[in-house]
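In what follows, a structure is listed as structure tokens, so that the remarks can point back to it.
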2 protein chains.
Amino acid sequence: MYFSAKGEYGIMAVLDLALANGEAPVQAKAIAERQGIPLRFLEQILSALRHAGLVESSRGAHGGYRLAKPADKIRVGDVIQAVDGPIAMPTRRGNGNGHHTSHGSIVQGVWKEVKDNVLETLNRTTLADLCRRARDLEEQRALMYHI
Amino acid sequence: MYFSAKGEYGIMAVLDLALANGEAPVQAKAIAERQGIPLRFLEQILSALRHAGLVESSRGAHGGYRLAKPADKIRVGDVIQAVDGPIAMPTRRGNGNGHHTSHGSIVQGVWKEVKDNVLETLNRTTLADLCRRARDLEEQRALMYHI
DNA sequence: TGTTTTCCTATCGGATCAGTAGGGATTAGC
DNA sequence: GCTAATCCCTACTGATCCGATAGGAAAACA
């Protein structure tokens, strides 16, 4: 199992879209600059998010991206899975001796437990939750600056 | 974050040791054959486990490995960490733009939540638990065969 | 001394990740 | 229409590192 920078960028991108909350679509270039993500790389990520039905796009001049669903209907797990694909467990190269003294199946059970747990954590948190956290953080930052 | 075949092998190895439960040390070669792990690769893993104080070794003829602690004092998380090192979160290459419109810190929070959750899961399960599961599985298998 | 076993370090091939590149398709404004 | 802006698709690259292999040194036993 493994978490990638791609997934991280994906979350930052949809969070950026969610906080834009305007009618006008947001350009990839704007997101890239705000979040510090290489533009061409971000395009691939947004493409994956679009194919997963999480964002919509309009092309041409004044085009851009917007969320395809309300923020509380988009789970963090959805974003990760859309961008990174299904979270995978380790692969041995010369696999499958199937010897019944091997404890492979025991370990598989542990992996499954961990995986389910991660998925549960990731799916419990929605984009709306992240928006709330972002606003709280911004508020705190403003307060700090004020003193 | 990422789970490796090395960690998987590590768990299988200590489980093999735990179920051997004899006074005599178990040779790496025997573990390798039973669990279907390349011998030289297993040696590296056992070395890591020894440095972490989870197994003891005796060299020379009739040498081998045994657990350094009782099975209920060894947590699965300890094994993983000993073999794979601390579980890490994604690293961007051109990192640190630190722009305060970036939502990097929000994502870090999500990562931390996931990581803590995984660690909790992994540390809740001890080697003794896995032994129990292995014995249950063996019993079931014997029953199946009997019919 | 010779055999068995652990121990240490180096190396390798292949997978894959993060990022780059080129060019095509589509839309808005003139 | 033409042009500029923007999304879209596919391929490529360079680095990293995982899984595995290899050679040989050190220690214990007979």
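Quick note on naming: the chains in the structure tokens go A, B, ... in the order shown, residues restart at 1 in each chain, and ligands are numbered from 1 in order of appearance.
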
### Task
Excluding B:Leu15 and any residue of its chain fewer than 6 positions from it, enumerate the residues within 10 Å of it, using only C-alpha atoms (C1' of nucleotides), and give them as a PyMOL selection string.
(chain A and resi 102-103+106-107) or (chain B and resi 9+31+67+71+127-128+130-131+134)

### Message
I need the residues of stretch 12-67 of chain A that end up classed as strand (DSSP E) by DSSP on the backbone, written out as a PyMOL selection string.
### Response
chain A and resi 55-58+64-67

### Task
Write out as an MDAnalysis selection string each polymer residue whose atoms come within 9 Å of B:Lys115, counting only C-alpha atoms (C1' of nucleotides); drop sequence neighbours fewer than 2 positions from it.
(chainID A and resid 118) or (chainID B and resid 1 87:89 110:113 117:120)

#### Entry: Nearest-residue call for chain C, choices B:His62, B:Arg135, B:Arg34, B:Arg50, using only C-alpha atoms (C1' of nucleotides)
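The answer is B:His62, which sits nearest to chain C.
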
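Using only C-alpha atoms, the nearest neighbour of chain B within the list A:Asp84, A:Glu56, A:Glu33, A:Glu23 is A:Glu33.
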
### Task
Could you please write out, as a ChimeraX atom specification, every residue of stretch 51-92 of chain A that DSSP assigns to helix (DSSP H, G or I)?
/A:51,71-73,76-84

Produce a file of the selected residues containing N, CA and C atoms, as a PDB file, in the first residue's frame.
```pdb
ATOM      1  N   HIS A  51     -12.512  11.865 -15.397  1.00  0.00           N
ATOM      2  CA  HIS A  51     -12.963  10.533 -15.795  1.00  0.00           C
ATOM      3  C   HIS A  51     -13.681   9.820 -14.658  1.00  0.00           C
ATOM      4  N   ALA A  71     -19.657  19.573  -2.310  1.00  0.00           N
ATOM      5  CA  ALA A  71     -18.442  19.187  -1.594  1.00  0.00           C
ATOM      6  C   ALA A  71     -18.681  18.117  -0.538  1.00  0.00           C
ATOM      7  N   ASP A  72     -19.876  18.067   0.020  1.00  0.00           N
ATOM      8  CA  ASP A  72     -20.123  17.059   1.058  1.00  0.00           C
ATOM      9  C   ASP A  72     -20.475  15.704   0.470  1.00  0.00           C
ATOM     10  N   LYS A  73     -20.486  15.618  -0.846  1.00  0.00           N
ATOM     11  CA  LYS A  73     -20.739  14.333  -1.504  1.00  0.00           C
ATOM     12  C   LYS A  73     -19.457  13.752  -2.097  1.00  0.00           C
ATOM     13  N   VAL A  76     -12.716  12.018   0.491  1.00  0.00           N
ATOM     14  CA  VAL A  76     -11.280  12.029   0.227  1.00  0.00           C
ATOM     15  C   VAL A  76     -10.847  10.720  -0.424  1.00  0.00           C
ATOM     16  N   GLY A  77     -11.430   9.622   0.034  1.00  0.00           N
ATOM     17  CA  GLY A  77     -11.118   8.318  -0.552  1.00  0.00           C
ATOM     18  C   GLY A  77     -11.419   8.258  -2.037  1.00  0.00           C
ATOM     19  N   ASP A  78     -12.492   8.924  -2.452  1.00  0.00           N
ATOM     20  CA  ASP A  78     -12.845   8.951  -3.868  1.00  0.00           C
ATOM     21  C   ASP A  78     -11.745   9.610  -4.677  1.00  0.00           C
ATOM     22  N   VAL A  79     -11.241  10.710  -4.154  1.00  0.00           N
ATOM     23  CA  VAL A  79     -10.209  11.456  -4.862  1.00  0.00           C
ATOM     24  C   VAL A  79      -8.939  10.614  -4.987  1.00  0.00           C
ATOM     25  N   ILE A  80      -8.508  10.047  -3.863  1.00  0.00           N
ATOM     26  CA  ILE A  80      -7.308   9.212  -3.874  1.00  0.00           C
ATOM     27  C   ILE A  80      -7.452   8.071  -4.874  1.00  0.00           C
ATOM     28  N   GLN A  81      -8.562   7.390  -4.805  1.00  0.00           N
ATOM     29  CA  GLN A  81      -8.774   6.242  -5.670  1.00  0.00           C
ATOM     30  C   GLN A  81      -8.825   6.650  -7.137  1.00  0.00           C
ATOM     31  N   ALA A  82      -9.433   7.794  -7.412  1.00  0.00           N
ATOM     32  CA  ALA A  82      -9.521   8.264  -8.790  1.00  0.00           C
ATOM     33  C   ALA A  82      -8.141   8.548  -9.360  1.00  0.00           C
ATOM     34  N   VAL A  83      -7.279   9.093  -8.530  1.00  0.00           N
ATOM     35  CA  VAL A  83      -5.979   9.545  -9.007  1.00  0.00           C
ATOM     36  C   VAL A  83      -4.933   8.432  -8.965  1.00  0.00           C
ATOM     37  N   ASP A  84      -4.924   7.672  -7.886  1.00  0.00           N
ATOM     38  CA  ASP A  84      -3.877   6.662  -7.685  1.00  0.00           C
ATOM     39  C   ASP A  84      -4.332   5.265  -8.049  1.00  0.00           C
TER      40      ASP A  84
END
```
